>>> print(open('coords-v4.cif').read())   # mmCIF, C-alpha atoms
data_input
#
loop_
_atom_site.label_atom_id
_atom_site.label_comp_id
_atom_site.auth_asym_id
_atom_site.auth_seq_id
_atom_site.Cartn_x
_atom_site.Cartn_y
_atom_site.Cartn_z
CA MET U 62 62.32 74.61 136.56
CA ASP U 63 62.30 70.88 137.22
CA PRO U 64 64.59 70.44 140.29
CA THR U 65 66.07 67.27 138.81
CA ALA U 66 67.13 69.18 135.70
CA ALA U 67 69.47 71.26 137.82
CA GLU U 68 71.50 68.18 138.72
CA ALA U 69 73.47 68.59 135.49
CA GLY U 70 74.10 72.29 135.97
CA GLY U 71 73.03 75.47 137.73
CA CYS U 72 73.24 76.19 141.45
CA LEU U 73 72.98 72.54 142.57
CA ALA U 74 75.89 71.45 140.41
CA ALA U 75 77.98 74.32 141.74
CA ASP U 76 78.02 72.59 145.14
CA ARG U 77 79.58 69.40 143.78
CA GLY U 78 83.32 69.15 143.36
CA TRP U 79 85.59 72.14 143.01
CA HIS U 80 85.38 74.31 139.90
CA GLY U 81 88.45 76.46 140.43
CA ALA U 82 87.05 79.53 142.17
CA PRO U 83 89.22 80.47 145.17
CA LEU U 84 87.85 79.57 148.60
CA GLU U 85 87.78 82.46 151.07
CA THR U 86 88.22 82.05 154.81
CA ALA U 87 88.35 84.84 157.36
CA ARG U 88 91.99 85.66 156.58
CA LEU U 89 93.05 83.29 153.83
CA ARG U 90 92.42 82.50 150.19
CA LEU U 91 92.73 78.90 148.98
CA ARG U 92 93.43 78.79 145.23
CA ARG U 93 95.09 76.77 142.50
CA PHE U 94 98.86 76.63 142.41
CA ARG U 95 100.37 78.46 139.44
CA PRO U 96 103.79 77.85 137.82
CA GLU U 97 104.94 81.27 139.00
CA ASP U 98 104.43 80.16 142.62
CA ALA U 99 107.56 77.99 142.40
CA ALA U 100 109.91 80.71 143.67
CA ALA U 101 107.74 81.37 146.75
CA VAL U 102 107.36 77.64 147.45
CA THR U 103 111.13 77.27 147.28
CA ARG U 104 111.68 80.14 149.74
CA LEU U 105 109.22 78.63 152.20
CA LEU U 106 110.38 75.01 152.01
CA ASP U 107 114.14 75.51 151.80
CA ASP U 108 114.11 75.63 155.59
CA TRP U 109 115.03 72.66 157.78
CA GLU U 110 112.67 73.72 160.57
CA MET U 111 109.86 73.66 158.03
CA VAL U 112 110.43 70.23 156.56
CA ARG U 113 112.06 68.12 159.28
CA PHE U 114 108.75 66.57 160.33
CA THR U 115 107.67 65.74 156.77
CA SER U 116 108.14 62.45 154.96
CA VAL U 117 108.52 63.42 151.29
CA ILE U 118 109.75 67.05 151.18
CA PRO U 119 113.53 67.07 150.54
CA PHE U 120 116.09 69.37 152.10
CA PRO U 121 117.75 71.38 150.67
CA TYR U 122 114.80 72.33 148.46
CA PRO U 123 115.86 73.62 145.01
CA GLN U 124 113.41 75.41 142.73
CA HIS U 125 113.24 72.60 140.16
CA VAL U 126 111.62 70.47 142.88
CA ALA U 127 108.98 73.18 143.36
CA ASP U 128 108.41 73.23 139.59
CA ASP U 129 107.90 69.45 139.61
CA PHE U 130 105.62 69.65 142.67
CA ILE U 131 103.30 72.20 141.04
CA ALA U 132 103.23 70.27 137.76
CA LYS U 133 102.42 67.01 139.57
CA ILE U 134 99.59 68.33 141.72
CA THR U 135 98.11 70.09 138.68
CA ALA U 136 98.07 66.78 136.81
CA ASP U 137 96.75 64.86 139.83
CA MET U 138 93.89 67.32 140.24
CA GLN U 139 92.99 67.09 136.57
CA GLN U 140 92.79 63.31 136.96
CA GLY U 141 90.66 63.55 140.11
CA GLN U 142 93.35 62.04 142.32
CA ALA U 143 93.98 65.04 144.56
CA LEU U 144 92.61 68.35 145.81
CA VAL U 145 95.44 70.74 146.63
CA PHE U 146 95.34 74.47 147.35
CA ALA U 147 97.92 77.20 147.58
CA VAL U 148 97.23 79.14 150.79
CA GLU U 149 97.71 82.89 150.60
CA GLU U 150 96.94 85.78 152.93
CA ARG U 151 93.94 87.75 151.72
CA LEU U 152 95.37 91.06 152.97
CA SER U 153 98.88 90.81 151.56
CA GLY U 154 98.36 88.31 148.74
CA ALA U 155 101.49 86.49 149.94
CA LEU U 156 101.67 82.72 149.54
CA VAL U 157 102.14 81.24 153.03
CA GLY U 158 101.50 77.52 152.63
CA CYS U 159 99.62 74.61 151.17
CA VAL U 160 96.67 72.42 152.17
CA GLY U 161 95.08 69.52 150.36
CA ALA U 162 94.30 65.85 150.17
CA THR U 163 95.06 62.73 148.19
CA LEU U 164 91.71 61.24 147.17
CA GLY U 165 90.88 57.54 147.43
CA GLU U 166 87.69 55.50 147.27
CA GLY U 167 85.55 57.45 149.72
CA THR U 168 88.60 58.49 151.75
CA ALA U 169 91.10 61.32 151.70
CA GLU U 170 94.52 61.75 153.30
CA ILE U 171 94.84 65.40 154.26
CA GLY U 172 98.13 67.26 154.57
CA TYR U 173 99.33 70.83 154.94
CA TRP U 174 102.27 73.08 155.64
CA ILE U 175 102.58 76.75 156.60
CA GLY U 176 105.77 78.77 156.16
CA ARG U 177 107.67 79.43 159.38
CA ALA U 178 107.17 83.23 159.24
CA ALA U 179 103.41 82.63 159.52
CA TRP U 180 103.49 80.14 162.40
CA GLY U 181 101.43 80.91 165.49
CA ARG U 182 98.61 82.72 163.68
CA GLY U 183 96.15 79.84 163.38
CA TYR U 184 96.47 79.72 159.60
CA ALA U 185 96.89 75.94 159.44
CA THR U 186 93.69 75.30 161.42
CA GLU U 187 91.77 77.82 159.32
CA ALA U 188 92.95 76.24 156.06
CA VAL U 189 92.36 72.65 157.23
CA ARG U 190 88.82 73.43 158.38
CA ARG U 191 87.93 74.92 155.00
CA CYS U 192 89.49 72.00 153.15
CA LEU U 193 87.53 69.52 155.28
CA ARG U 194 84.24 71.26 154.44
CA MET U 195 85.05 71.00 150.75
CA LEU U 196 85.96 67.31 151.04
CA PHE U 197 82.86 66.29 153.01
CA ASP U 198 80.33 68.65 151.41
CA ALA U 199 81.39 68.79 147.78
CA PHE U 200 83.37 65.58 147.20
CA GLY U 201 81.29 63.09 149.16
CA VAL U 202 84.28 61.82 151.13
CA GLU U 203 83.30 59.44 153.93
CA GLN U 204 86.50 59.58 155.98
CA VAL U 205 89.52 61.88 156.22
CA TRP U 206 92.77 60.90 157.90
CA ALA U 207 96.24 62.31 158.51
CA ALA U 208 99.49 61.03 159.98
CA VAL U 209 101.87 63.00 162.22
CA LEU U 210 105.12 62.31 164.02
CA PRO U 211 104.71 61.97 167.81
CA GLU U 212 107.40 64.64 168.23
CA ASN U 213 105.30 67.16 166.27
CA PRO U 214 102.56 68.10 168.79
CA ALA U 215 101.79 71.40 167.02
CA SER U 216 100.65 69.56 163.90
CA ARG U 217 98.56 67.16 165.97
CA ARG U 218 96.85 70.12 167.71
CA VAL U 219 95.88 71.56 164.32
CA LEU U 220 94.18 68.30 163.37
CA GLU U 221 92.47 67.96 166.74
CA LYS U 222 91.09 71.51 166.56
CA ALA U 223 89.68 70.61 163.15
CA GLY U 224 87.92 67.58 164.67
CA LEU U 225 90.25 64.65 163.91
CA THR U 226 90.87 62.17 166.71
CA PHE U 227 93.53 59.53 167.36
CA ALA U 228 92.89 56.26 165.50
CA ARG U 229 96.07 54.16 165.55
CA VAL U 230 99.86 54.02 165.27
CA GLN U 231 101.17 53.18 161.81
CA ARG U 232 104.67 52.22 160.71
CA THR U 233 105.49 54.44 157.73
CA ASP U 234 108.40 55.00 155.38
CA MET U 235 109.80 58.56 155.29
CA PRO U 236 111.87 58.60 152.07
CA ALA U 237 112.94 62.23 152.35
CA ARG U 238 114.30 61.56 155.87
CA ASN U 239 115.78 58.17 154.89
CA ARG U 240 114.08 56.32 157.70
CA CYS U 241 111.00 54.38 158.72
CA THR U 242 109.12 55.40 161.84
CA ASP U 243 105.88 55.11 163.79
CA LEU U 244 103.34 57.81 162.96
CA GLU U 245 100.17 58.69 164.83
CA VAL U 246 97.11 58.47 162.57
CA LEU U 247 94.14 60.73 163.29
CA SER U 248 90.83 60.47 161.47
CA LEU U 249 87.38 62.02 161.08
CA ASP U 250 84.35 60.48 159.41
CA ARG U 251 81.47 62.20 157.68
CA ALA U 252 78.93 61.63 160.48
CA ALA U 253 81.26 63.07 163.12
CA TRP U 254 82.10 66.06 160.92
CA GLN U 255 78.43 66.75 160.20
CA ALA U 256 77.56 66.61 163.91
CA ARG U 257 80.45 68.90 164.75
CA HIS U 258 79.58 71.31 161.95
CA ALA U 259 75.91 71.39 162.93
CA ALA U 260 76.86 72.21 166.53
CA ARG U 261 78.93 75.29 165.64
CA PRO U 262 77.49 78.46 167.18
CA GLN U 263 75.36 80.90 165.22
CA VAL U 264 76.46 84.50 165.75
CA LEU U 265 74.11 87.43 165.12
CA VAL U 266 75.78 90.74 164.31
CA ALA U 267 74.15 94.00 163.20
CA ALA U 268 75.97 96.38 160.83
CA VAL U 269 75.20 99.76 159.32
CA ALA U 270 76.19 101.71 156.24
CA LEU U 271 76.48 105.31 157.43
CA ILE U 272 75.98 107.52 154.35
CA ASP U 273 77.01 111.18 154.39
CA LEU U 274 75.64 114.11 152.36
CA ASP U 275 78.06 113.35 149.50
CA GLY U 276 76.85 109.75 149.24
CA ARG U 277 80.02 108.33 150.80
CA VAL U 278 79.94 105.28 153.07
CA LEU U 279 81.87 104.96 156.33
CA LEU U 280 84.20 101.97 156.68
CA ALA U 281 86.12 100.99 159.81
CA ARG U 282 89.39 99.07 159.80
CA ARG U 283 89.73 96.41 162.50
CA PRO U 284 92.69 97.23 164.78
CA GLU U 285 95.58 94.95 165.70
CA GLY U 286 94.71 92.42 168.36
CA LYS U 287 91.19 91.81 167.04
CA SER U 288 90.02 88.93 164.89
CA MET U 289 90.56 89.72 161.19
CA ALA U 290 92.73 92.72 162.05
CA GLY U 291 93.45 94.94 159.07
CA PHE U 292 90.19 94.24 157.24
CA TRP U 293 87.63 96.97 156.57
CA GLU U 294 84.01 96.55 157.59
CA PHE U 295 80.71 98.28 158.14
CA PRO U 296 80.43 99.53 161.74
CA GLY U 297 78.35 97.45 164.13
CA GLY U 298 78.66 94.57 166.54
CA LYS U 299 77.15 91.55 168.26
CA LEU U 300 73.69 91.64 169.76
CA GLU U 301 73.52 91.39 173.52
CA ALA U 302 70.86 89.30 175.25
CA GLY U 303 67.37 90.67 174.63
CA GLU U 304 68.48 93.27 172.06
CA THR U 305 66.99 93.82 168.63
CA PRO U 306 69.43 94.57 165.79
CA GLU U 307 68.34 98.22 165.86
CA GLN U 308 68.96 98.50 169.62
CA ALA U 309 72.36 96.87 169.23
CA LEU U 310 73.36 99.36 166.53
CA VAL U 311 72.27 102.36 168.60
CA ARG U 312 74.43 101.10 171.45
CA GLU U 313 77.40 100.05 169.30
CA LEU U 314 77.52 103.32 167.36
CA ARG U 315 77.52 105.29 170.59
CA GLU U 316 80.26 103.13 172.13
CA GLU U 317 82.46 102.67 169.05
CA LEU U 318 82.00 105.92 167.12
CA GLY U 319 80.57 108.39 169.66
CA ILE U 320 77.49 109.20 167.60
CA ASP U 321 73.78 109.12 168.46
CA VAL U 322 71.40 107.36 166.10
CA GLY U 323 67.67 106.91 166.48
CA GLU U 324 66.17 103.50 165.70
CA SER U 325 63.79 105.17 163.23
CA CYS U 326 66.83 106.37 161.22
CA LEU U 327 67.96 102.79 160.54
CA ALA U 328 66.55 101.41 157.29
CA PRO U 329 66.89 97.60 156.76
CA MET U 330 68.73 97.08 153.51
CA ALA U 331 70.26 93.58 153.17
CA PHE U 332 71.67 90.70 155.18
CA ALA U 333 74.62 88.33 155.03
CA SER U 334 74.72 84.63 155.89
CA HIS U 335 78.24 83.23 155.97
CA ASP U 336 79.83 79.99 157.19
CA TYR U 337 83.18 80.64 158.87
CA ASP U 338 83.57 76.88 159.52
CA HIS U 339 83.74 77.19 163.32
CA PHE U 340 80.72 79.52 163.54
CA HIS U 341 77.94 80.74 161.24
CA LEU U 342 77.39 84.47 160.93
CA LEU U 343 74.06 86.18 160.29
CA MET U 344 74.39 89.91 159.74
CA PRO U 345 71.56 92.30 158.84
CA LEU U 346 72.83 95.49 157.21
CA PHE U 347 71.01 98.77 157.75
CA ALA U 348 71.45 102.12 156.02
CA CYS U 349 71.53 105.38 157.95
CA ARG U 350 71.76 108.97 156.69
CA GLN U 351 71.06 110.90 159.89
CA TRP U 352 72.93 110.94 163.20
CA ARG U 353 74.22 113.39 165.79
CA GLY U 354 77.94 113.87 166.33
CA THR U 355 81.08 113.21 164.31
CA PRO U 356 82.20 109.56 163.98
CA GLN U 357 85.50 108.87 165.72
CA GLY U 358 87.31 105.57 166.18
CA ARG U 359 87.02 105.10 169.93
CA GLU U 360 88.34 101.51 169.96
CA GLY U 361 91.50 101.93 167.92
CA GLN U 362 89.83 101.45 164.54
CA THR U 363 90.75 103.60 161.53
CA LEU U 364 87.82 105.27 159.76
CA THR U 365 87.47 106.35 156.15
CA TRP U 366 84.67 107.66 153.93
CA VAL U 367 84.43 105.80 150.64
CA ARG U 368 82.42 106.47 147.50
CA ALA U 369 80.28 103.53 146.41
CA PRO U 370 82.27 102.61 143.24
CA ARG U 371 85.44 102.24 145.35
CA LEU U 372 84.04 100.05 148.14
CA GLY U 373 85.42 96.95 146.42
CA ASP U 374 88.96 98.35 146.71
CA TYR U 375 88.97 97.75 150.46
CA PRO U 376 89.67 94.19 151.72
CA MET U 377 86.73 93.04 153.84
CA PRO U 378 85.74 89.95 155.82
CA PRO U 379 84.06 87.43 153.49
CA ALA U 380 80.63 88.06 155.02
CA ASP U 381 80.75 91.77 154.14
CA ILE U 382 81.78 91.36 150.50
CA PRO U 383 78.36 90.37 149.03
CA LEU U 384 76.80 93.36 150.78
CA VAL U 385 78.92 95.79 148.76
CA ALA U 386 77.13 95.02 145.48
CA GLN U 387 73.74 95.32 147.16
CA LEU U 388 74.74 98.62 148.75
CA ARG U 389 75.88 100.01 145.39
CA ASP U 390 72.52 99.10 143.85
CA TRP U 391 70.69 100.62 146.80
CA LEU U 392 72.61 103.89 146.52
#
>>> encode(input="coords-v4.cif", output="structure tokens")
Amino acid sequence: MDPTAAEAGGCLAADRGWHGAPLETARLRLRRFRPEDAAAVTRLLDDWEMVRFTSVIPFPYPQHVADDFIAKITADMQQGQALVFAVEERLSGALVGCVGATLGEGTAEIGYWIGRAAWGRGYATEAVRRCLRMLFDAFGVEQVWAAVLPENPASRRVLEKAGLTFARVQRTDMPARNRCTDLEVLSLDRAAWQARHAARPQVLVAAVALIDLDGRVLLARRPEGKSMAGFWEFPGGKLEAGETPEQALVRELREELGIDVGESCLAPMAFASHDYDHFHLLMPLFACRQWRGTPQGREGQTLTWVRAPRLGDYPMPPADIPLVAQLRDWL
């Protein structure tokens, strides 16, 4: 195929703009707003603690305002003037906030809010990072900026963790608060984002599909207190210095599950390559049908044996999801 022919379609075109497919982060799903989201938006924003630092969100917040908000951003996105996502938890499916940007000529003003019940979990940073990657990678934006009130340090920390830095103080009208005030403007340009993104660490993890005599696969649920708690995954772990993936799995399976596996029993099957925005994960997946001992969750994880057709019923980290289809074909 002539590479230039793909510019109008195919895999190259899929990287340009946003075509409506939800964006997955470690714990969140960024998707289009739907009219039926209005009730949830109203519940989240009819809260003074939520909106007191915002410039255009009214309080009280009746549902007809949520209806108008969803209709407006839908129209703005259709006209190419905005990119706005509903933010929902992947585990629960609950809508917890919003992230997006107003698009200009090579620039974008980013904004976000997260419902008060979900504060303190890092959701805003996770959503902003994913939105920034979409803006710089797929929309060709040259500079992103945001404005925050000086008395809202939590919002400024979110932006700083995503890479934005202080640019200037700007006098701004806040119509919903009926006042004009000085806001701190933070910004990030494409070159700085690219350098920051290129410098993110690369993490190498080995995983294994343990397959029993009935053809079932062992999944482990990450316990509370760990990153991505509540998600199901293939057992495994990070490689230590000097280890091969096979050596790491032998060690991890002994430590985590209390079973003994020989390196020769590990058959390379597939691998995952996934960008988590603040690190890039490479994960070879092995298959294993022979081991000594009975798997037990020694680190607080819940274990379950799952038949191949039902693997997709279990919420997994984004990196594990593509491996499920490959594992089904392999089995």
>>> residues_around(input="coords-v4.cif", residues="Arg218 of chain U", least_positions_apart="3", cutoff="12 Å", atoms="all atoms listed in the file", output="MDAnalysis selection string")
chainID U and resid 181 183 185:186 189 209:215 221:227 247
>>> resolve_selection(input="coords-v4.cif", expression="the PyMOL selection byres ((chain U and resi 339) around 10)", output="list of chain:residue names")
U:Glu187, U:Arg190, U:Arg191, U:Lys222, U:Ala223, U:Arg257, U:His258, U:Ala259, U:Ala260, U:Arg261, U:Pro262, U:Gln263, U:Asp336, U:Tyr337, U:Asp338, U:Phe340, U:His341, U:Leu342
>>> resolve_selection(input="coords-v4.cif", expression="the PyMOL selection byres ((chain U and resi 104) around 10)", output="PyMOL selection string")
chain U and resi 99-103+105-108+122-124+127+176
>>> closest_residue(input="coords-v4.cif", among="U:Glu360, U:Ile175, U:Ile320, U:Ala208", to="Val157 of chain U", atoms="all atoms listed in the file")
U:Ile175
>>> closest_residue(input="coords-v4.cif", among="U:Gly361, U:Gly78, U:Pro296, U:Pro370", to="Pro284 of chain U", atoms="all atoms listed in the file")
U:Gly361
>>> atom_distance(input="coords-v4.cif", atom1="atom CA of Glu316 of chain U", atom2="atom CA of Ala380 of chain U")
22.8 Å
>>> resolve_selection(input="coords-v4.cif", expression="the PyMOL selection byres ((chain U and resi 237) around 12)", output="list in words")
Trp109, Val112, Arg113, Phe114, Thr115, Ser116, Val117, Ile118, Pro119, Phe120, Pro121, Tyr122, Asp234, Met235, Pro236, Arg238, Asn239, Arg240 and Cys241 of chain U
>>> atom_distance(input="coords-v4.cif", atom1="atom CA of Gln308 of chain U", atom2="atom CA of Gly291 of chain U")
26.9 Å
>>> closest_residue(input="coords-v4.cif", among="U:Trp180, U:Gln140, U:Ile382, U:Glu313", to="Glu110 of chain U", atoms="all atoms listed in the file")
U:Trp180
>>> atom_distance(input="coords-v4.cif", atom1="atom CA of Gln142 of chain U", atom2="atom CA of Gln231 of chain U")
22.8 Å
>>> closest_residue(input="coords-v4.cif", among="U:Val367, U:Leu310, U:Leu89, U:Ala302", to="Leu280 of chain U", atoms="all atoms listed in the file")
U:Val367
>>> residues_near_point(input="coords-v4.cif", point="(81.3, 90.1, 153.9)", cutoff="12 Å", atoms="only C-alpha atoms", output="compact mmCIF listing (two decimals) with C-alpha atoms, in the frame of the given file")
# COMPACT_ATOMS: atom_id res chain seq x y z
CA GLU U 85 87.78 82.46 151.07
CA THR U 86 88.22 82.05 154.81
CA ALA U 87 88.35 84.84 157.36
CA ARG U 88 91.99 85.66 156.58
CA VAL U 266 75.78 90.74 164.31
CA ALA U 268 75.97 96.38 160.83
CA MET U 289 90.56 89.72 161.19
CA PHE U 292 90.19 94.24 157.24
CA TRP U 293 87.63 96.97 156.57
CA GLU U 294 84.01 96.55 157.59
CA PHE U 295 80.71 98.28 158.14
CA ALA U 331 70.26 93.58 153.17
CA PHE U 332 71.67 90.70 155.18
CA ALA U 333 74.62 88.33 155.03
CA SER U 334 74.72 84.63 155.89
CA HIS U 335 78.24 83.23 155.97
CA ASP U 336 79.83 79.99 157.19
CA TYR U 337 83.18 80.64 158.87
CA LEU U 342 77.39 84.47 160.93
CA LEU U 343 74.06 86.18 160.29
CA MET U 344 74.39 89.91 159.74
CA PRO U 345 71.56 92.30 158.84
CA LEU U 346 72.83 95.49 157.21
CA LEU U 372 84.04 100.05 148.14
CA GLY U 373 85.42 96.95 146.42
CA TYR U 375 88.97 97.75 150.46
CA PRO U 376 89.67 94.19 151.72
CA MET U 377 86.73 93.04 153.84
CA PRO U 378 85.74 89.95 155.82
CA PRO U 379 84.06 87.43 153.49
CA ALA U 380 80.63 88.06 155.02
CA ASP U 381 80.75 91.77 154.14
CA ILE U 382 81.78 91.36 150.50
CA PRO U 383 78.36 90.37 149.03
CA LEU U 384 76.80 93.36 150.78
CA VAL U 385 78.92 95.79 148.76
CA ALA U 386 77.13 95.02 145.48
CA GLN U 387 73.74 95.32 147.16
CA LEU U 388 74.74 98.62 148.75
>>> closest_residue(input="coords-v4.cif", among="U:Thr135, U:Thr233, U:Thr163, U:Ser325", to="Leu196 of chain U", atoms="all atoms listed in the file")
U:Thr163
>>> closest_residue(input="coords-v4.cif", among="U:Asp98, U:Thr168, U:Arg182, U:Leu144", to="Gly286 of chain U", atoms="only C-alpha atoms")
U:Arg182
>>> residues_around(input="coords-v4.cif", residues="Leu392 of chain U", least_positions_apart="6", cutoff="12 Å", atoms="all atoms listed in the file", output="ChimeraX atom specification")
/U:270-273,275-278,330,348-350,368-370,385-386
>>> residues_around(input="coords-v4.cif", residues="segment 353-356 of chain U", least_positions_apart="4", cutoff="10 Å", atoms="all atoms listed in the file", output="PDB file with C-alpha atoms, in the frame of the given file")
ATOM      1  CA  LEU U 271      76.480 105.310 157.430  1.00  0.00           C
ATOM      2  CA  LEU U 279      81.870 104.960 156.330  1.00  0.00           C
ATOM      3  CA  LEU U 314      77.520 103.320 167.360  1.00  0.00           C
ATOM      4  CA  ARG U 315      77.520 105.290 170.590  1.00  0.00           C
ATOM      5  CA  GLU U 317      82.460 102.670 169.050  1.00  0.00           C
ATOM      6  CA  LEU U 318      82.000 105.920 167.120  1.00  0.00           C
ATOM      7  CA  GLY U 319      80.570 108.390 169.660  1.00  0.00           C
ATOM      8  CA  ILE U 320      77.490 109.200 167.600  1.00  0.00           C
ATOM      9  CA  ASP U 321      73.780 109.120 168.460  1.00  0.00           C
ATOM     10  CA  VAL U 322      71.400 107.360 166.100  1.00  0.00           C
ATOM     11  CA  GLY U 323      67.670 106.910 166.480  1.00  0.00           C
ATOM     12  CA  LEU U 364      87.820 105.270 159.760  1.00  0.00           C
ATOM     13  CA  THR U 365      87.470 106.350 156.150  1.00  0.00           C
TER      14      THR U 365
END
